[in-house]
file structure-v3.cif (mmCIF, C-alpha atoms)
data_work
#
loop_
_atom_site.group_PDB
_atom_site.id
_atom_site.type_symbol
_atom_site.label_atom_id
_atom_site.label_comp_id
_atom_site.auth_asym_id
_atom_site.auth_seq_id
_atom_site.Cartn_x
_atom_site.Cartn_y
_atom_site.Cartn_z
ATOM 1 C CA MET Z 23 -10.326 7.412 -37.287
ATOM 2 C CA GLN Z 24 -8.460 9.969 -35.228
ATOM 3 C CA GLN Z 25 -11.477 10.518 -33.034
ATOM 4 C CA THR Z 26 -11.800 6.748 -32.558
ATOM 5 C CA ALA Z 27 -8.109 6.422 -31.699
ATOM 6 C CA HIS Z 28 -8.448 9.058 -28.983
ATOM 7 C CA SER Z 29 -11.754 7.844 -27.592
ATOM 8 C CA PRO Z 30 -11.905 6.727 -23.921
ATOM 9 C CA LEU Z 31 -12.748 3.154 -24.923
ATOM 10 C CA PHE Z 32 -9.725 2.979 -27.202
ATOM 11 C CA ARG Z 33 -7.408 4.344 -24.511
ATOM 12 C CA ILE Z 34 -8.751 1.905 -21.919
ATOM 13 C CA GLY Z 35 -8.314 -1.029 -24.284
ATOM 14 C CA LYS Z 36 -4.798 0.069 -25.208
ATOM 15 C CA PHE Z 37 -3.902 0.451 -21.531
ATOM 16 C CA TRP Z 38 -4.968 -3.098 -20.684
ATOM 17 C CA ILE Z 39 -3.304 -4.552 -23.769
ATOM 18 C CA ASP Z 40 -0.047 -2.796 -22.927
ATOM 19 C CA THR Z 41 -0.341 -3.916 -19.308
ATOM 20 C CA ALA Z 42 -0.871 -7.542 -20.320
ATOM 21 C CA ARG Z 43 2.080 -7.350 -22.714
ATOM 22 C CA ASN Z 44 4.329 -5.860 -20.031
ATOM 23 C CA ILE Z 45 3.339 -8.547 -17.535
ATOM 24 C CA TYR Z 46 4.035 -11.248 -20.132
ATOM 25 C CA ASP Z 47 7.446 -9.749 -20.962
ATOM 26 C CA PHE Z 48 8.358 -9.508 -17.283
ATOM 27 C CA LEU Z 49 7.290 -13.097 -16.585
ATOM 28 C CA SER Z 50 9.287 -14.220 -19.614
ATOM 29 C CA LEU Z 51 12.358 -12.487 -18.221
ATOM 30 C CA PHE Z 52 11.729 -14.091 -14.840
ATOM 31 C CA GLY Z 53 11.385 -17.548 -16.417
ATOM 32 C CA ARG Z 54 14.551 -17.195 -18.504
ATOM 33 C CA THR Z 55 16.424 -15.926 -15.451
ATOM 34 C CA LEU Z 56 15.365 -18.940 -13.370
ATOM 35 C CA GLN Z 57 16.308 -21.307 -16.173
ATOM 36 C CA GLU Z 58 19.745 -19.751 -16.646
ATOM 37 C CA THR Z 59 20.322 -19.567 -12.887
ATOM 38 C CA PHE Z 60 20.302 -23.363 -12.592
ATOM 39 C CA THR Z 61 22.262 -23.956 -15.796
ATOM 40 C CA PRO Z 62 26.056 -24.228 -15.435
ATOM 41 C CA PRO Z 63 28.653 -22.868 -15.888
ATOM 42 C CA TYR Z 64 28.251 -20.150 -13.283
ATOM 43 C CA ARG Z 65 29.818 -16.698 -13.365
ATOM 44 C CA TRP Z 66 31.191 -16.766 -9.822
ATOM 45 C CA ARG Z 67 33.449 -13.756 -10.238
ATOM 46 C CA ASP Z 68 30.567 -11.548 -11.388
ATOM 47 C CA ILE Z 69 28.373 -12.896 -8.604
ATOM 48 C CA PHE Z 70 30.946 -12.068 -5.913
ATOM 49 C CA ASN Z 71 31.516 -8.606 -7.386
ATOM 50 C CA GLN Z 72 27.782 -7.944 -7.250
ATOM 51 C CA ILE Z 73 27.561 -9.271 -3.673
ATOM 52 C CA ASN Z 74 30.283 -6.822 -2.697
ATOM 53 C CA PHE Z 75 28.357 -3.991 -4.362
ATOM 54 C CA MET Z 76 24.979 -4.947 -2.911
ATOM 55 C CA ALA Z 77 25.784 -6.300 0.548
ATOM 56 C CA ASN Z 78 29.130 -4.943 1.650
ATOM 57 C CA GLU Z 79 28.686 -1.408 0.322
ATOM 58 C CA SER Z 80 25.079 -1.192 1.569
ATOM 59 C CA LEU Z 81 25.708 -2.526 5.070
ATOM 60 C CA VAL Z 82 26.546 0.768 6.786
ATOM 61 C CA ILE Z 83 23.547 2.733 5.496
ATOM 62 C CA ILE Z 84 21.167 -0.132 6.260
ATOM 63 C CA VAL Z 85 22.448 -0.596 9.819
ATOM 64 C CA PHE Z 86 22.260 3.152 10.380
ATOM 65 C CA CYS Z 87 18.669 3.458 9.132
ATOM 66 C CA VAL Z 88 17.231 0.361 10.810
ATOM 67 C CA SER Z 89 18.793 1.397 14.125
ATOM 68 C CA PHE Z 90 16.835 4.627 14.149
ATOM 69 C CA ALA Z 91 13.719 2.810 12.929
ATOM 70 C CA ALA Z 92 13.957 0.438 15.891
ATOM 71 C CA VAL Z 93 14.463 3.311 18.348
ATOM 72 C CA VAL Z 94 11.440 5.186 16.986
ATOM 73 C CA THR Z 95 9.324 2.005 17.132
ATOM 74 C CA ILE Z 96 10.155 1.378 20.794
ATOM 75 C CA VAL Z 97 9.687 4.988 21.903
ATOM 76 C CA GLU Z 98 6.374 5.426 20.077
ATOM 77 C CA ALA Z 99 5.018 2.067 21.247
ATOM 78 C CA SER Z 100 5.878 2.886 24.861
ATOM 79 C CA PHE Z 101 4.361 6.369 24.627
ATOM 80 C CA HIS Z 102 1.029 5.182 23.206
ATOM 81 C CA MET Z 103 0.734 2.184 25.527
ATOM 82 C CA LYS Z 104 1.249 4.415 28.539
ATOM 83 C CA LEU Z 105 -1.269 6.855 27.099
ATOM 84 C CA VAL Z 106 -3.966 4.274 26.384
ATOM 85 C CA ILE Z 107 -3.564 1.421 28.895
ATOM 86 C CA HIS Z 108 -1.082 3.075 31.311
ATOM 87 C CA ASP Z 109 1.276 0.104 31.054
ATOM 88 C CA ASP Z 110 4.196 -0.467 28.679
ATOM 89 C CA SER Z 111 5.301 -3.857 29.983
ATOM 90 C CA MET Z 112 4.421 -5.517 26.664
ATOM 91 C CA VAL Z 113 6.503 -3.098 24.584
ATOM 92 C CA PRO Z 114 9.561 -5.414 24.259
ATOM 93 C CA GLY Z 115 7.444 -8.309 23.031
ATOM 94 C CA PHE Z 116 5.342 -6.318 20.575
ATOM 95 C CA ALA Z 117 8.341 -4.411 19.263
ATOM 96 C CA SER Z 118 10.405 -7.574 18.768
ATOM 97 C CA LEU Z 119 7.551 -9.215 16.878
ATOM 98 C CA LEU Z 120 7.084 -6.151 14.668
ATOM 99 C CA ILE Z 121 10.814 -5.944 13.987
ATOM 100 C CA LEU Z 122 11.158 -9.581 12.949
ATOM 101 C CA ARG Z 123 7.967 -9.806 10.935
ATOM 102 C CA GLU Z 124 7.999 -6.445 9.185
ATOM 103 C CA LEU Z 125 10.466 -3.737 10.060
ATOM 104 C CA GLY Z 126 13.869 -5.333 9.498
ATOM 105 C CA SER Z 127 13.175 -7.063 6.190
ATOM 106 C CA VAL Z 128 10.962 -4.419 4.588
ATOM 107 C CA VAL Z 129 13.141 -1.419 5.479
ATOM 108 C CA THR Z 130 16.209 -3.314 4.250
ATOM 109 C CA ALA Z 131 14.515 -4.179 0.961
ATOM 110 C CA LEU Z 132 13.319 -0.621 0.343
ATOM 111 C CA LEU Z 133 16.790 0.762 1.078
ATOM 112 C CA LEU Z 134 18.318 -1.762 -1.307
ATOM 113 C CA THR Z 135 15.749 -0.766 -3.911
ATOM 114 C CA SER Z 136 16.666 2.904 -3.690
ATOM 115 C CA ARG Z 137 20.403 2.239 -3.755
ATOM 116 C CA VAL Z 138 21.023 -1.019 -5.628
ATOM 117 C CA GLY Z 139 17.896 -1.158 -7.788
ATOM 118 C CA ALA Z 140 18.345 2.363 -9.091
ATOM 119 C CA GLY Z 141 22.007 1.700 -9.840
ATOM 120 C CA LEU Z 142 21.273 -1.523 -11.706
ATOM 121 C CA ALA Z 143 18.516 0.081 -13.784
ATOM 122 C CA ALA Z 144 20.776 2.995 -14.714
ATOM 123 C CA GLU Z 145 23.638 0.634 -15.570
ATOM 124 C CA ILE Z 146 21.570 -1.691 -17.770
ATOM 125 C CA GLY Z 147 19.722 1.271 -19.295
ATOM 126 C CA SER Z 148 23.014 2.939 -20.234
ATOM 127 C CA MET Z 149 24.209 -0.299 -21.805
ATOM 128 C CA GLN Z 150 20.979 -0.507 -23.797
ATOM 129 C CA VAL Z 151 21.266 3.102 -24.994
ATOM 130 C CA THR Z 152 24.918 2.720 -26.017
ATOM 131 C CA GLU Z 153 24.119 -0.584 -27.817
ATOM 132 C CA GLN Z 154 26.398 -2.646 -25.593
ATOM 133 C CA ILE Z 155 23.636 -5.217 -25.167
ATOM 134 C CA ASP Z 156 23.355 -5.573 -28.945
ATOM 135 C CA ALA Z 157 27.121 -6.062 -29.016
ATOM 136 C CA LEU Z 158 26.800 -8.900 -26.489
ATOM 137 C CA LYS Z 159 24.246 -10.597 -28.726
ATOM 138 C CA MET Z 160 26.546 -10.236 -31.736
ATOM 139 C CA LEU Z 161 29.319 -11.918 -29.717
ATOM 140 C CA GLY Z 162 26.983 -14.829 -28.971
ATOM 141 C CA LEU Z 163 26.459 -13.908 -25.312
ATOM 142 C CA GLU Z 164 22.954 -14.141 -23.893
ATOM 143 C CA PRO Z 165 22.196 -10.836 -22.061
ATOM 144 C CA VAL Z 166 20.000 -12.563 -19.482
ATOM 145 C CA ARG Z 167 22.729 -15.047 -18.584
ATOM 146 C CA PHE Z 168 25.532 -12.499 -18.786
ATOM 147 C CA LEU Z 169 23.840 -9.558 -17.020
ATOM 148 C CA VAL Z 170 20.722 -10.622 -15.129
ATOM 149 C CA VAL Z 171 21.669 -13.956 -13.547
ATOM 150 C CA PRO Z 172 24.748 -12.757 -11.558
ATOM 151 C CA ARG Z 173 22.764 -9.814 -10.219
ATOM 152 C CA PHE Z 174 19.769 -12.034 -9.463
ATOM 153 C CA VAL Z 175 21.785 -14.561 -7.450
ATOM 154 C CA ALA Z 176 23.818 -11.873 -5.686
ATOM 155 C CA SER Z 177 20.725 -9.865 -4.769
ATOM 156 C CA ILE Z 178 18.959 -12.864 -3.219
ATOM 157 C CA PHE Z 179 21.989 -13.715 -1.100
ATOM 158 C CA SER Z 180 22.689 -10.081 -0.183
ATOM 159 C CA SER Z 181 19.119 -9.285 0.810
ATOM 160 C CA PHE Z 182 18.890 -12.531 2.786
ATOM 161 C CA ALA Z 183 22.085 -11.771 4.723
ATOM 162 C CA LEU Z 184 21.305 -8.079 5.205
ATOM 163 C CA SER Z 185 17.812 -8.914 6.505
ATOM 164 C CA ILE Z 186 19.286 -11.133 9.210
ATOM 165 C CA ILE Z 187 21.829 -8.472 10.179
ATOM 166 C CA ALA Z 188 19.185 -5.735 10.140
ATOM 167 C CA ASN Z 189 16.861 -7.740 12.392
ATOM 168 C CA LEU Z 190 19.649 -8.456 14.870
ATOM 169 C CA VAL Z 191 20.680 -4.801 14.928
ATOM 170 C CA CYS Z 192 17.053 -3.702 15.364
ATOM 171 C CA ILE Z 193 16.508 -6.034 18.304
ATOM 172 C CA PHE Z 194 19.776 -4.941 19.922
ATOM 173 C CA CYS Z 195 18.841 -1.257 19.542
ATOM 174 C CA ALA Z 196 15.361 -1.981 20.892
ATOM 175 C CA MET Z 197 16.855 -3.714 23.926
ATOM 176 C CA LEU Z 198 19.264 -0.813 24.410
ATOM 177 C CA VAL Z 199 16.448 1.748 24.406
ATOM 178 C CA CYS Z 200 14.337 -0.381 26.730
ATOM 179 C CA THR Z 201 17.165 -0.701 29.252
ATOM 180 C CA VAL Z 202 18.424 2.887 29.063
ATOM 181 C CA GLN Z 203 15.178 4.862 28.767
ATOM 182 C CA LEU Z 204 12.245 2.640 29.715
ATOM 183 C CA GLY Z 205 13.684 0.947 32.795
ATOM 184 C CA PHE Z 206 13.661 -2.670 31.591
ATOM 185 C CA THR Z 207 16.528 -5.040 32.287
ATOM 186 C CA ALA Z 208 18.107 -7.084 29.519
ATOM 187 C CA GLY Z 209 16.661 -10.239 31.090
ATOM 188 C CA ALA Z 210 13.157 -8.766 31.204
ATOM 189 C CA PHE Z 211 13.439 -7.723 27.564
ATOM 190 C CA TYR Z 212 14.584 -11.204 26.554
ATOM 191 C CA THR Z 213 11.786 -12.874 28.545
ATOM 192 C CA ALA Z 214 9.124 -10.645 26.989
ATOM 193 C CA MET Z 215 10.580 -11.221 23.535
ATOM 194 C CA ARG Z 216 10.455 -15.002 23.943
ATOM 195 C CA THR Z 217 6.783 -14.749 24.916
ATOM 196 C CA PHE Z 218 5.845 -13.097 21.621
ATOM 197 C CA VAL Z 219 8.533 -14.195 19.170
ATOM 198 C CA HIS Z 220 8.860 -17.753 17.881
ATOM 199 C CA PHE Z 221 11.230 -19.548 15.524
ATOM 200 C CA GLN Z 222 8.820 -19.258 12.588
ATOM 201 C CA ASP Z 223 9.029 -15.475 12.855
ATOM 202 C CA LEU Z 224 12.749 -15.689 12.102
ATOM 203 C CA ILE Z 225 11.993 -18.029 9.199
ATOM 204 C CA MET Z 226 9.459 -15.502 7.923
ATOM 205 C CA ALA Z 227 12.059 -12.728 8.042
ATOM 206 C CA MET Z 228 14.589 -14.798 6.087
ATOM 207 C CA VAL Z 229 12.048 -15.879 3.466
ATOM 208 C CA LYS Z 230 10.909 -12.300 3.015
ATOM 209 C CA GLY Z 231 14.496 -11.125 2.633
ATOM 210 C CA ALA Z 232 15.204 -13.665 -0.102
ATOM 211 C CA CYS Z 233 11.957 -12.892 -1.970
ATOM 212 C CA PHE Z 234 12.533 -9.146 -1.820
ATOM 213 C CA GLY Z 235 16.073 -9.656 -3.056
ATOM 214 C CA ALA Z 236 14.812 -11.606 -6.070
ATOM 215 C CA VAL Z 237 12.454 -8.806 -7.083
ATOM 216 C CA ILE Z 238 15.000 -5.961 -7.136
ATOM 217 C CA PRO Z 239 17.265 -7.037 -10.043
ATOM 218 C CA LEU Z 240 14.363 -8.390 -12.098
ATOM 219 C CA PHE Z 241 12.580 -5.042 -12.263
ATOM 220 C CA SER Z 242 15.837 -3.117 -12.641
ATOM 221 C CA CYS Z 243 17.001 -5.232 -15.573
ATOM 222 C CA TYR Z 244 13.525 -5.340 -17.107
ATOM 223 C CA TYR Z 245 13.218 -1.558 -17.256
ATOM 224 C CA GLY Z 246 16.879 -1.254 -18.203
ATOM 225 C CA PHE Z 247 16.351 -3.490 -21.247
ATOM 226 C CA ARG Z 248 13.368 -1.334 -22.266
ATOM 227 C CA CYS Z 249 15.212 1.966 -21.770
ATOM 228 C CA ARG Z 250 14.709 4.600 -24.452
ATOM 229 C CA ALA Z 251 17.554 6.617 -25.912
ATOM 230 C CA GLY Z 252 18.888 9.678 -24.151
ATOM 231 C CA ALA Z 253 19.474 10.773 -20.569
ATOM 232 C CA GLU Z 254 15.742 11.216 -20.066
ATOM 233 C CA GLY Z 255 15.154 7.598 -21.047
ATOM 234 C CA VAL Z 256 17.712 6.339 -18.527
ATOM 235 C CA GLY Z 257 16.211 8.511 -15.804
ATOM 236 C CA LEU Z 258 12.695 7.312 -16.601
ATOM 237 C CA ALA Z 259 13.781 3.668 -16.578
ATOM 238 C CA THR Z 260 15.456 4.164 -13.193
ATOM 239 C CA THR Z 261 12.406 5.878 -11.717
ATOM 240 C CA ASN Z 262 10.000 3.247 -13.050
ATOM 241 C CA SER Z 263 12.133 0.404 -11.716
ATOM 242 C CA VAL Z 264 12.315 1.894 -8.213
ATOM 243 C CA VAL Z 265 8.582 2.597 -8.092
ATOM 244 C CA ALA Z 266 7.597 -0.810 -9.465
ATOM 245 C CA THR Z 267 9.991 -2.634 -7.143
ATOM 246 C CA SER Z 268 8.808 -0.726 -4.063
ATOM 247 C CA VAL Z 269 5.149 -1.428 -4.828
ATOM 248 C CA THR Z 270 5.883 -5.105 -5.505
ATOM 249 C CA ILE Z 271 7.800 -5.439 -2.239
ATOM 250 C CA ILE Z 272 4.822 -4.071 -0.299
ATOM 251 C CA VAL Z 273 2.447 -6.458 -2.103
ATOM 252 C CA ILE Z 274 4.725 -9.471 -1.568
ATOM 253 C CA ASP Z 275 5.094 -8.500 2.092
ATOM 254 C CA PHE Z 276 1.313 -8.543 2.482
ATOM 255 C CA ILE Z 277 0.991 -11.905 0.714
ATOM 256 C CA LEU Z 278 3.771 -13.576 2.703
ATOM 257 C CA THR Z 279 2.508 -12.161 6.001
ATOM 258 C CA PHE Z 280 -0.993 -13.445 5.234
ATOM 259 C CA LEU Z 281 0.322 -16.894 4.276
ATOM 260 C CA PHE Z 282 2.568 -17.241 7.316
ATOM 261 C CA SER Z 283 -0.175 -15.974 9.637
ATOM 262 C CA SER Z 284 -2.577 -18.541 8.161
ATOM 263 C CA LEU Z 285 -0.069 -21.392 8.459
ATOM 264 C CA PHE Z 286 1.159 -20.681 11.987
ATOM 265 C CA SER Z 287 -1.946 -19.188 13.604
#
call {"tool": "encode", "arguments": {"input": "structure-v3.cif", "output": "structure tokens"}}
result
Amino acid sequence: MQQTAHSPLFRIGKFWIDTARNIYDFLSLFGRTLQETFTPPYRWRDIFNQINFMANESLVIIVFCVSFAAVVTIVEASFHMKLVIHDDSMVPGFASLLILRELGSVVTALLLTSRVGAGLAAEIGSMQVTEQIDALKMLGLEPVRFLVVPRFVASIFSSFALSIIANLVCIFCAMLVCTVQLGFTAGAFYTAMRTFVHFQDLIMAMVKGACFGAVIPLFSCYYGFRCRAGAEGVGLATTNSVVATSVTIIVIDFILTFLFSSLFS
């Protein structure tokens, strides 16, 4: 029996069974969260506290990072266009399109994952280890409604708002670099941007921001609820939540980009 239990076929089967069970548990958490989100009464105080933690306290680091990302994008695009086609006149348009469709929302979501997602997973994991979640159940409080829903709503709003701010900051920094270093005027930058960028690109950025924001607390709370005892368990839950959220954000970004490109092509 021991040889059978450690055979490759057994391990493969166990892996897929565990994977299917994890996916089912995660989807169940997602479904319960959606149901409780639209069921009053609402915990407005907790929601606003979480918005302050996610949006207000993350604003400076996100603006700082996306500013440099925009500068690097403009400089590299100009360098390679001059190298290949000896003309960088399309840099403002291409850079603005890249910023709105990909850079602003994705960088914001990944930064929120590393800061907010890790913090939420560690917080929920610590509550699980110290049996605070069991205490909530004994008091008749549903952990999903009490813990997940405020963070879910706050994360969607925070990521949505931060994505808009990040995109505006990116475009401003791109225009600044183009005018200071590349010789464009602000009017020329705006004209080139309007040629490439359309209103649906802004809609895409906002939709992506909201979707990315929904993913972060779901994975953080999911791994937090499954946290094993001890400091190692909390650390593992935090690491798994960040990795899973980052991978999911990249996958969702691909899916949404493909759908929007198909709809508006």
call {"tool": "residues_around", "arguments": {"input": "structure-v3.cif", "residues": "region 169-176 of chain Z", "least_positions_apart": "2", "cutoff": "7 Å", "atoms": "all atoms listed in the file", "output": "number ranges by chain"}}
result
Z: 55, 58-59, 65, 68-69, 72-73, 165-167, 178-180, 236, 239, 243
call {"tool": "residues_around", "arguments": {"input": "structure-v3.cif", "residues": "Thr201 (chain Z)", "least_positions_apart": "5", "cutoff": "12 Å", "atoms": "all atoms listed in the file", "output": "JSON, numbers by chain"}}
result
{"Z": [93, 96, 97, 113, 114, 194, 195, 196, 206, 207, 208, 209, 210, 211, 212]}
call {"tool": "residues_near_point", "arguments": {"input": "structure-v3.cif", "point": "(5.8, -3.4, -0.4)", "cutoff": "12 Å", "atoms": "all atoms listed in the file", "output": "NGL selection string"}}
result
:Z and (124-125 or 127-133 or 135 or 230 or 233-234 or 237-238 or 264-279)
call {"tool": "atom_distance", "arguments": {"input": "structure-v3.cif", "atom1": "CA of Ser177 (chain Z)", "atom2": "CA of Ala143 (chain Z)"}}
result
13.6 Å
call {"tool": "resolve_selection", "arguments": {"input": "structure-v3.cif", "expression": "the PyMOL selection byres ((chain Z and resi 82) around 12)", "output": "MDAnalysis selection string"}}
result
chainID Z and resid 76:81 83:89 130 133:134 184 187:188 191
call {"tool": "resolve_selection", "arguments": {"input": "structure-v3.cif", "expression": "the PyMOL selection byres ((chain Z and resi 220) around 12)", "output": "MDAnalysis selection string"}}
result
chainID Z and resid 115 118:119 122:123 214:219 221:227 286:287
call {"tool": "closest_residue", "arguments": {"input": "structure-v3.cif", "among": "Z:Gln57, Z:Ser29, Z:Asn71, Z:Ser100", "to": "Gln203 (chain Z)", "atoms": "only C-alpha atoms"}}
result
Z:Ser100
call {"tool": "atom_distance", "arguments": {"input": "structure-v3.cif", "atom1": "CA of Phe182 (chain Z)", "atom2": "CA of Met228 (chain Z)"}}
result
5.9 Å
call {"tool": "atom_distance", "arguments": {"input": "structure-v3.cif", "atom1": "CA of Glu145 (chain Z)", "atom2": "CA of Asn74 (chain Z)"}}
result
16.3 Å
call {"tool": "closest_residue", "arguments": {"input": "structure-v3.cif", "among": "Z:Ile39, Z:Met112, Z:Ala232, Z:Leu158", "to": "Leu204 (chain Z)", "atoms": "only C-alpha atoms"}}
result
Z:Met112
call {"tool": "closest_residue", "arguments": {"input": "structure-v3.cif", "among": "Z:Gly139, Z:Gly235, Z:Gly205, Z:Gly35", "to": "Ala259 (chain Z)", "atoms": "all atoms listed in the file"}}
result
Z:Gly139
call {"tool": "residues_near_point", "arguments": {"input": "structure-v3.cif", "point": "(11.9, -2.6, -18.5)", "cutoff": "10 Å", "atoms": "all atoms listed in the file", "output": "VMD selection string"}}
result
chain Z and resid 44 47 to 48 51 143 146 to 147 240 to 250 259 to 260 262 to 263
call {"tool": "write_last_selection", "arguments": {"input": "structure-v3.cif", "atoms": "C-alpha atoms", "output": "mmCIF file, in the coordinates of the input"}}
result
data_model
loop_
_atom_site.group_PDB
_atom_site.id
_atom_site.type_symbol
_atom_site.label_atom_id
_atom_site.label_comp_id
_atom_site.auth_asym_id
_atom_site.auth_seq_id
_atom_site.Cartn_x
_atom_site.Cartn_y
_atom_site.Cartn_z
ATOM 1 C CA ASN Z 44 4.329 -5.860 -20.031
ATOM 2 C CA ASP Z 47 7.446 -9.749 -20.962
ATOM 3 C CA PHE Z 48 8.358 -9.508 -17.283
ATOM 4 C CA LEU Z 51 12.358 -12.487 -18.221
ATOM 5 C CA ALA Z 143 18.516 0.081 -13.784
ATOM 6 C CA ILE Z 146 21.570 -1.691 -17.770
ATOM 7 C CA GLY Z 147 19.722 1.271 -19.295
ATOM 8 C CA LEU Z 240 14.363 -8.390 -12.098
ATOM 9 C CA PHE Z 241 12.580 -5.042 -12.263
ATOM 10 C CA SER Z 242 15.837 -3.117 -12.641
ATOM 11 C CA CYS Z 243 17.001 -5.232 -15.573
ATOM 12 C CA TYR Z 244 13.525 -5.340 -17.107
ATOM 13 C CA TYR Z 245 13.218 -1.558 -17.256
ATOM 14 C CA GLY Z 246 16.879 -1.254 -18.203
ATOM 15 C CA PHE Z 247 16.351 -3.490 -21.247
ATOM 16 C CA ARG Z 248 13.368 -1.334 -22.266
ATOM 17 C CA CYS Z 249 15.212 1.966 -21.770
ATOM 18 C CA ARG Z 250 14.709 4.600 -24.452
ATOM 19 C CA ALA Z 259 13.781 3.668 -16.578
ATOM 20 C CA THR Z 260 15.456 4.164 -13.193
ATOM 21 C CA ASN Z 262 10.000 3.247 -13.050
ATOM 22 C CA SER Z 263 12.133 0.404 -11.716
#
call {"tool": "closest_residue", "arguments": {"input": "structure-v3.cif", "among": "Z:Leu285, Z:Gly53, Z:Ile193, Z:Thr261", "to": "Phe116 (chain Z)", "atoms": "all atoms listed in the file"}}
result
Z:Ile193
